[in-house]
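Here is the structure we will look at.
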Amino acid sequence: MESQRIREEFLKFFEKRGHKIVPSSSLLPTDPSVLFTTAGMQQFKQYFLGGESPHGQNVVSCQKCFRTSDIDEVGDESHLTFFEMLGNFSFGGYGKTRAIKLAKEFLDSINIHIDYVTIFGGDEIVPRDEESVEVWQALGFSQENDNLKFCGREDNFWGPTGEEGPCGPTTEIYAKGIEVWNLVFNEYYCDRNKRLTPLRQRGVDTGMGLERLAMISQKKNSVFETNLFSPILKEIFGNDDRAKRIIADHIKGAVFLILEGVLPSNVERGYVLRRVLRRAIRFGKLLNLPQNFLTPIAQKTIEIYGDVYPELKSQENDILAVIQKEEEKFEKTLEAGLKEIKKVPKLTGEIAFRIYETYGFPLELIEEIRKVEDRESFFFMQKKHQEISRAGAEKKFKGGLADQSEKTIKYHTASHLLLAAMRAILGPEIYQKGSNITAERLRFDFNYSQKLSGEQIKKIEDLVNQKINEDIEVEMTEMPKAEALKIAKISFEPAKYGDIVRVYKIGDFSIELCGGPHVKRTGELGHLKITKEESSGAGIRRLRAILE
């Protein structure tokens with residue numbers, strides 16, 4: 001079964017069984033504790049904690065994911081950095097019994113035979129998952145038949161994503177000896193101190209890698225032999241399979257990161273992008289590939305995914321330009337950097353950091369060429385460099401505020417009105433995806449798949465100014481987070497907030513969790529004017545506005 005059909009069959013299967021199809025969220029999550037979206041449940045995290053879902057209780061998605069933890073494993077038969085995760089989710093709509101039966105029914109429908117399943121066997125904190133045992137036994141699985149196995153917390157207890165959040169026992173499904181589907185039953189909340197408390201509302205969170213499912217369905221020995229990779233690998237010449245797989249995976253990940261607006265740099269997400277691009281270039285050198293070899297491989301990636309993610313086609317030229325520029329930049333320094341690494345008698349962490357600064361070689365790339373004797377000194381130098389850089393940078397307060405001046409506070413309050421107006425005009429599924437607020441203007445990113453029309457912008461602007469003219473009182477109440485999530489909208493992941501939160505209420509128009517600060521009445525704001533609307537990445541739009 002071709003990968004495109006697998007996606008469609010999965011989404012249709014669950015849609016027919018009462019699930020709302022929700023598009024993939026951005027690879028750049030709002031949760032500040034993680035760099036990238038690593039699982040399908042991340043965009044639904046707040047609903048598992050009691051927040052009201054605009055999609056209903058049961059949803060299904062095919063989510064783009066990027067995991068940095070697997071970069072060093074890429075090159076074997078199954079590990080990837082970029083992948084797509086198929087998942088069905090329920091926020092109190094159904095539990096373990098239906099989740100397991102649906103999983104078995106879907107795999108049967110596409111002729112995938114289950115070898116065996118694993119279940120959480122319990123420990124001193126969480127008991128054995130007896131309900132899952134009973135369901136699988138009713139479906140013909142047992143220890144006697146050697147197709148039901150018990151595992152501990154390390155294998156069959158998942159979560160949370162980020163520093164805190166929902167988590168719970170899992171049951172994992174294996175086919176052809178490979179873990180293909182992980183069914184997570186969110187029963188607990190794990191706080192920052194790793195303490196577990198039962199959730200009031202239990203949830204179902206499942207994840208199945210599309211690439212692995214395609215490998216099994218297409219009867220291949222590795223994910224790289226599926227139609228998601230074979231067209232790319234045909235563009236890469238050479239006999240080193242590991243090197244070819246690394247290049248194929250890394251260029252795919254780079255294409256999707258650039259689509260999200262990430263650019264190569266030496267910090268955070270930009271560092272990861274630079275690392276995968278330069279690692280691909282390095283392995284291209286080992287295969288004696290020609291200069292600018294990444295561009296046709298990137299084009300093939302866009303060709304494979306263009307129908308599923310049409311924004312790839314519309315931004316193809318920009319994506320290719322970023323890749324070509326980074327490749328040309330690195331080509332100039334690659335040979336000099338390699339000579340520097342090889343010539344020093346002892347490659348210390350301090351020397352490695354100098355090479356990193358001078359030639360742009362990530363530490364991981366340096367260590368693929370030669371072992372660094374003293375890694376701790378590299379990280380010490382890097383930390384010192386970052387502290388110096390931060391000292392000269394503009395200080396940012398929480399929530400994207402540049403300062404806490406009177407004008408900035410006005411813009412912050414206006415951003416609440418702006419979000420509420422967009423939800424009223426564009427739909428309740430609109431959420432903040434980022435903001436930057438100064439004393440001169442506000443910049444606001446939100447999820448929306450297409451360019452706003454002039455009429456939509458005017459309606460949003462008019463509604464905000466209507467609420468300003470009504471001179472509504474801005475009220476603040478402190479309450480437990482669980483209680484607040486039942487009445488308020490949130491712009492960030494719940495993990496950003498403590499157990500007691502502030503809820504800011506502007507009449508019945510806007511009710512949000514926020515750290516503040518805000519004006520006392522909307523009449524203090526003046527008049528809002530939207531000055532620009534533009535793209536800020538795949539499925540993300542950006543508004544710029546001023547107060548007059």
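Quick note on naming: the chains in the structure tokens go A, B, ... in the order shown, residues restart at 1 in each chain, and ligands are numbered from 1 in order of appearance.
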Need the shell around Ile351 in chain A: protein/DNA/RNA residues with any atom at most 10 Å away, counting only C-alpha atoms. Skip same-chain ones fewer than 5 positions apart. Format as a CSV table (one decimal) with C-alpha atoms, in the first residue's frame?
chain,number,residue,atom,x,y,z
A,340,GLU,CA,42.5,21.9,11.3
A,341,ILE,CA,40.9,18.9,13.0
A,344,VAL,CA,46.4,19.2,16.0
A,346,LYS,CA,45.4,16.6,20.7
A,356,TYR,CA,33.2,25.4,15.8
A,357,GLU,CA,33.3,29.2,16.0
A,372,VAL,CA,37.4,15.3,21.3
A,374,ASP,CA,37.8,17.0,26.8
A,377,SER,CA,35.7,22.3,28.2
A,378,PHE,CA,33.9,22.7,24.9
Enumerate the residues of range 149-208 of chain A with a DSSP assignment of alpha helix (DSSP H), computed from the backbone, and present them as a ChimeraX atom specification. /A:153-156
Smallest atom-to-atom distance to Ser415 in chain A: which of A:Ser24, A:Thr348, A:Thr68, A:Thr522, using only C-alpha atoms? A:Thr522
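Going from CA of Glu154 in chain A to CA of Gly203 in chain A covers 20.4 Å.
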For Leu27 in chain A, which residue among A:Ala254, A:Ala214, A:Ile232, A:Met479 is the nearest when counting only C-alpha atoms? A:Ala254
Based on the backbone DSSP call, show me all residues of range 333-497 of chain A assigned strand (DSSP E or B), as a CSV table (one decimal) with C-alpha atoms, in the first residue's frame.
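In the end it all went to part23.csv:
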chain,number,residue,atom,x,y,z
A,397,PHE,CA,10.1,39.3,29.5
A,401,LEU,CA,7.1,41.6,26.0
A,432,GLN,CA,-1.6,32.1,19.5
A,433,LYS,CA,1.5,30.6,18.0
A,434,GLY,CA,3.9,33.3,19.1
A,435,SER,CA,4.1,37.1,19.8
A,436,ASN,CA,6.6,39.9,20.1
A,437,ILE,CA,5.4,43.1,21.8
A,442,LEU,CA,2.6,44.2,18.4
A,443,ARG,CA,3.4,41.2,16.3
A,444,PHE,CA,1.1,38.2,16.6
A,445,ASP,CA,1.4,34.7,15.1
A,446,PHE,CA,-1.6,32.4,14.8
A,447,ASN,CA,-2.7,29.2,13.2
A,473,GLU,CA,-13.0,46.4,32.8
A,474,VAL,CA,-10.1,44.0,32.7
A,475,GLU,CA,-10.5,41.6,35.7
A,476,MET,CA,-7.8,39.3,37.1
A,477,THR,CA,-8.6,36.2,39.3
A,478,GLU,CA,-6.2,33.7,40.7
A,479,MET,CA,-7.3,30.0,40.8
A,480,PRO,CA,-6.1,26.4,40.5
A,489,LYS,CA,-8.5,29.9,26.6
